[in-house]
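Chemist: Supplied in structure tokens, the structure appears directly below.
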Amino acid sequence: MQKAGALLLILFLGLPVMLFAQEDSEPSIDDWEDYVSDLYSRGDQTFIISLGVAFPVAFISTQDGVIGNESYKKRDKRPNNVDPPIGGTGMLSYNYYLNSYFFLGGELGLIFFPTIANNVIYIVSLGARFGAQYVIGRFEFPAAFTIGMTLQKHSNSDKRSGYFGMYLKGGLSAFFRATHEWSFGITSNYYWYPQWTNDRSKNVDGHFVDLILSARYHF
């Protein structure tokens with residue numbers, strides 16, 4: 001009986017030590033010297049929240065070519081006529097990893113720009129994305145391509161003046177894996193928003209770039 005009691009006492013006192021040793025053996029963020037791309041496997045997922053600024057690059061019209069400040073001055077004699085200023089953008093994205101490098105996903109985004117006519121244009125987009133990711137240490141470099149549908153509206157326009165069409169986007173990112181669950185980074189994307197109508201002479205292609213900061217949750 002005394003031997004059994006002594007054995008139970010030894011096990012009781014040794015349990016915290018064993019638990020501590022087990023927890024200490026789990027990898028921590030400080031032990032990621034061997035952190036490589038195969039940390040990802042099929043079924044891994046990420047959710048990304050992004051906010052940033054967007055810049056108009058060019059508006060190309062079938063009739064007028066590249067539309068810029070001088071083109072608008074010919075149509076509008078107001079002396080304060082200027083090129084479209086900087087806008088803002090935000091998006092929610094989801095990635096599903098097929099293996100250590102390739103992923104599929106989707107995104108919901110919004111871009112808004114003040115216009116030279118003292119208006120605001122809103123571009124809401126919903127797209128499917130695919131891409132690849134390369135990892136160096138705790139730095140991750142994904143590249144993604146997106147295709148989808150977009151709704152474009154002016155703030156003072158009626159239902160008939162909105163436009164529904166397609167869009168294409170390609171981007172590169174750089175992320176730092178701060179913890180097992182979170183990484184933070186910067187992204188730049190190039191957008192193409194075509195506005196095609198039944199009258200080809202009125203077609204316009206909008207080209208934009210953005211610069212955004214992103215927080216990515218890994219699960």
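In the structure tokens, chains take the letters A, B, ... in the order shown, each chain's residues start at 1, and ligands count up from 1 in the order shown.
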Could you produce a table of the residues of segment 174-216 of chain A lying within 9 Å of segment 162-170 of chain A, with the nearest pair of atoms per residue and their separation in Å rounded to one decimal, using only C-alpha atoms, ordered by chain and increasing residue number, as a tab-separated table?
Modeler:
residue	atom	partner	partner_atom	distance
A:Ser188	CA	A:Gly170	CA	8.6
A:Asn189	CA	A:Gly170	CA	5.5
A:Tyr190	CA	A:Gly170	CA	5.4
A:Tyr191	CA	A:Lys169	CA	4.5
A:Trp192	CA	A:Leu168	CA	5.3
A:Tyr193	CA	A:Tyr167	CA	5.0
A:Pro194	CA	A:Tyr167	CA	6.8
A:Gln195	CA	A:Gly165	CA	7.0
A:Trp196	CA	A:Gly165	CA	8.1
Chemist: Enumerate, in order of chain and increasing residue number, the residues of segment 93-145 of chain A with an atom no farther than 7 Å from segment 44-64 of chain A, each with its shortest atom pair and distance in Å to one decimal, counting only C-alpha atoms, as JSON lines.
Modeler:
{"residue": "A:Ser93", "atom": "CA", "partner": "A:Ile48", "partner_atom": "CA", "distance": 5.0}
{"residue": "A:Tyr94", "atom": "CA", "partner": "A:Phe47", "partner_atom": "CA", "distance": 4.7}
{"residue": "A:Asn95", "atom": "CA", "partner": "A:Thr46", "partner_atom": "CA", "distance": 5.2}
{"residue": "A:Tyr96", "atom": "CA", "partner": "A:Gln45", "partner_atom": "CA", "distance": 4.6}
{"residue": "A:Tyr97", "atom": "CA", "partner": "A:Asp44", "partner_atom": "CA", "distance": 5.3}
Chemist: Could you dump the residues just selected with C-alpha atoms as a compact mmCIF listing (two decimals), in the first residue's frame?
Modeler:
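Once everything was written out, this is out.txt:
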# COMPACT_ATOMS: atom_id res chain seq x y z
CA SER A 93 -9.92 37.70 -50.25
CA TYR A 94 -9.85 33.96 -49.65
CA ASN A 95 -7.26 31.39 -50.74
CA TYR A 96 -7.39 27.59 -50.72
CA TYR A 97 -4.03 25.89 -51.23
Chemist: For a quick check of understanding, using only C-alpha atoms, which of A:Pro142, A:Gly148, A:Gly171, A:Gly206 has the smallest distance to Ser100 of chain A?
Modeler: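 Answer, going by the shortest atom-to-atom distance: A:Pro142.
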Chemist: Near segment 179-181 of chain A, counting only C-alpha atoms, which residues have an atom at most 8 Å away, once you skip same-chain residues fewer than 2 positions from it, shown as a VMD selection string?
Modeler: chain A and resid 29 177 183 217 to 219
Chemist: Include N, CA and C atoms and write out the residues we just selected as a PDB file, in the first residue's frame.
Modeler:
ATOM      1  N   ILE A  29       7.400  30.321 -33.110  1.00  0.00           N
ATOM      2  CA  ILE A  29       7.793  31.222 -34.194  1.00  0.00           C
ATOM      3  C   ILE A  29       9.288  31.475 -34.196  1.00  0.00           C
ATOM      4  N   ARG A 177       5.636  36.503 -42.182  1.00  0.00           N
ATOM      5  CA  ARG A 177       4.876  35.606 -41.313  1.00  0.00           C
ATOM      6  C   ARG A 177       5.234  35.918 -39.857  1.00  0.00           C
ATOM      7  N   SER A 183       0.073  36.830 -40.925  1.00  0.00           N
ATOM      8  CA  SER A 183       1.160  37.443 -41.672  1.00  0.00           C
ATOM      9  C   SER A 183       0.683  38.797 -42.186  1.00  0.00           C
ATOM     10  N   TYR A 217      -4.848  35.953 -42.385  1.00  0.00           N
ATOM     11  CA  TYR A 217      -5.061  34.961 -41.318  1.00  0.00           C
ATOM     12  C   TYR A 217      -4.949  33.561 -41.909  1.00  0.00           C
ATOM     13  N   HIS A 218      -4.162  32.714 -41.288  1.00  0.00           N
ATOM     14  CA  HIS A 218      -3.897  31.352 -41.781  1.00  0.00           C
ATOM     15  C   HIS A 218      -4.674  30.349 -40.937  1.00  0.00           C
ATOM     16  N   PHE A 219      -5.381  29.436 -41.600  1.00  0.00           N
ATOM     17  CA  PHE A 219      -6.105  28.398 -40.872  1.00  0.00           C
ATOM     18  C   PHE A 219      -6.222  27.137 -41.714  1.00  0.00           C
TER      19      PHE A 219
END
Chemist: Within 8 Å of segment 124-133 of chain A, counting only C-alpha atoms, which residues qualify if same-chain residues fewer than 2 places away don't, as a list in words?
Modeler: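 Those residues are Ser100, Tyr101, Phe102, Phe103, Leu104, Gly105, Gly106, Glu107, Leu108, Gly109, Leu110, Ile111, Tyr122, Val135, Glu140, Phe141, Pro142, Ala143, Ala144, Phe145, Thr146, Ile147, Gly148, Met149, Thr150, Leu151, Gln152 and Tyr167 of chain A.
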Chemist: Which residue gives the smallest distance to Arg138 of chain A among A:His154, A:Leu39, A:Arg216, A:Asn198, with only C-alpha atoms counted?
Modeler: A:Leu39
Chemist: Which one is closest to Gly90 of chain A: A:Phe139, A:Phe112, A:Trp182, A:Tyr134? Count only C-alpha atoms.
Modeler: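 When distances to Gly90 of chain A are compared using only C-alpha atoms, the smallest one comes from A:Phe112.
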Chemist: So, counting only C-alpha atoms, which residue among A:Ala178, A:Ile136, A:Ile86, A:Ile121 is closest to Ala215 of chain A?
Modeler: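 With only C-alpha atoms as the atom set, the closest residue is A:Ala178.
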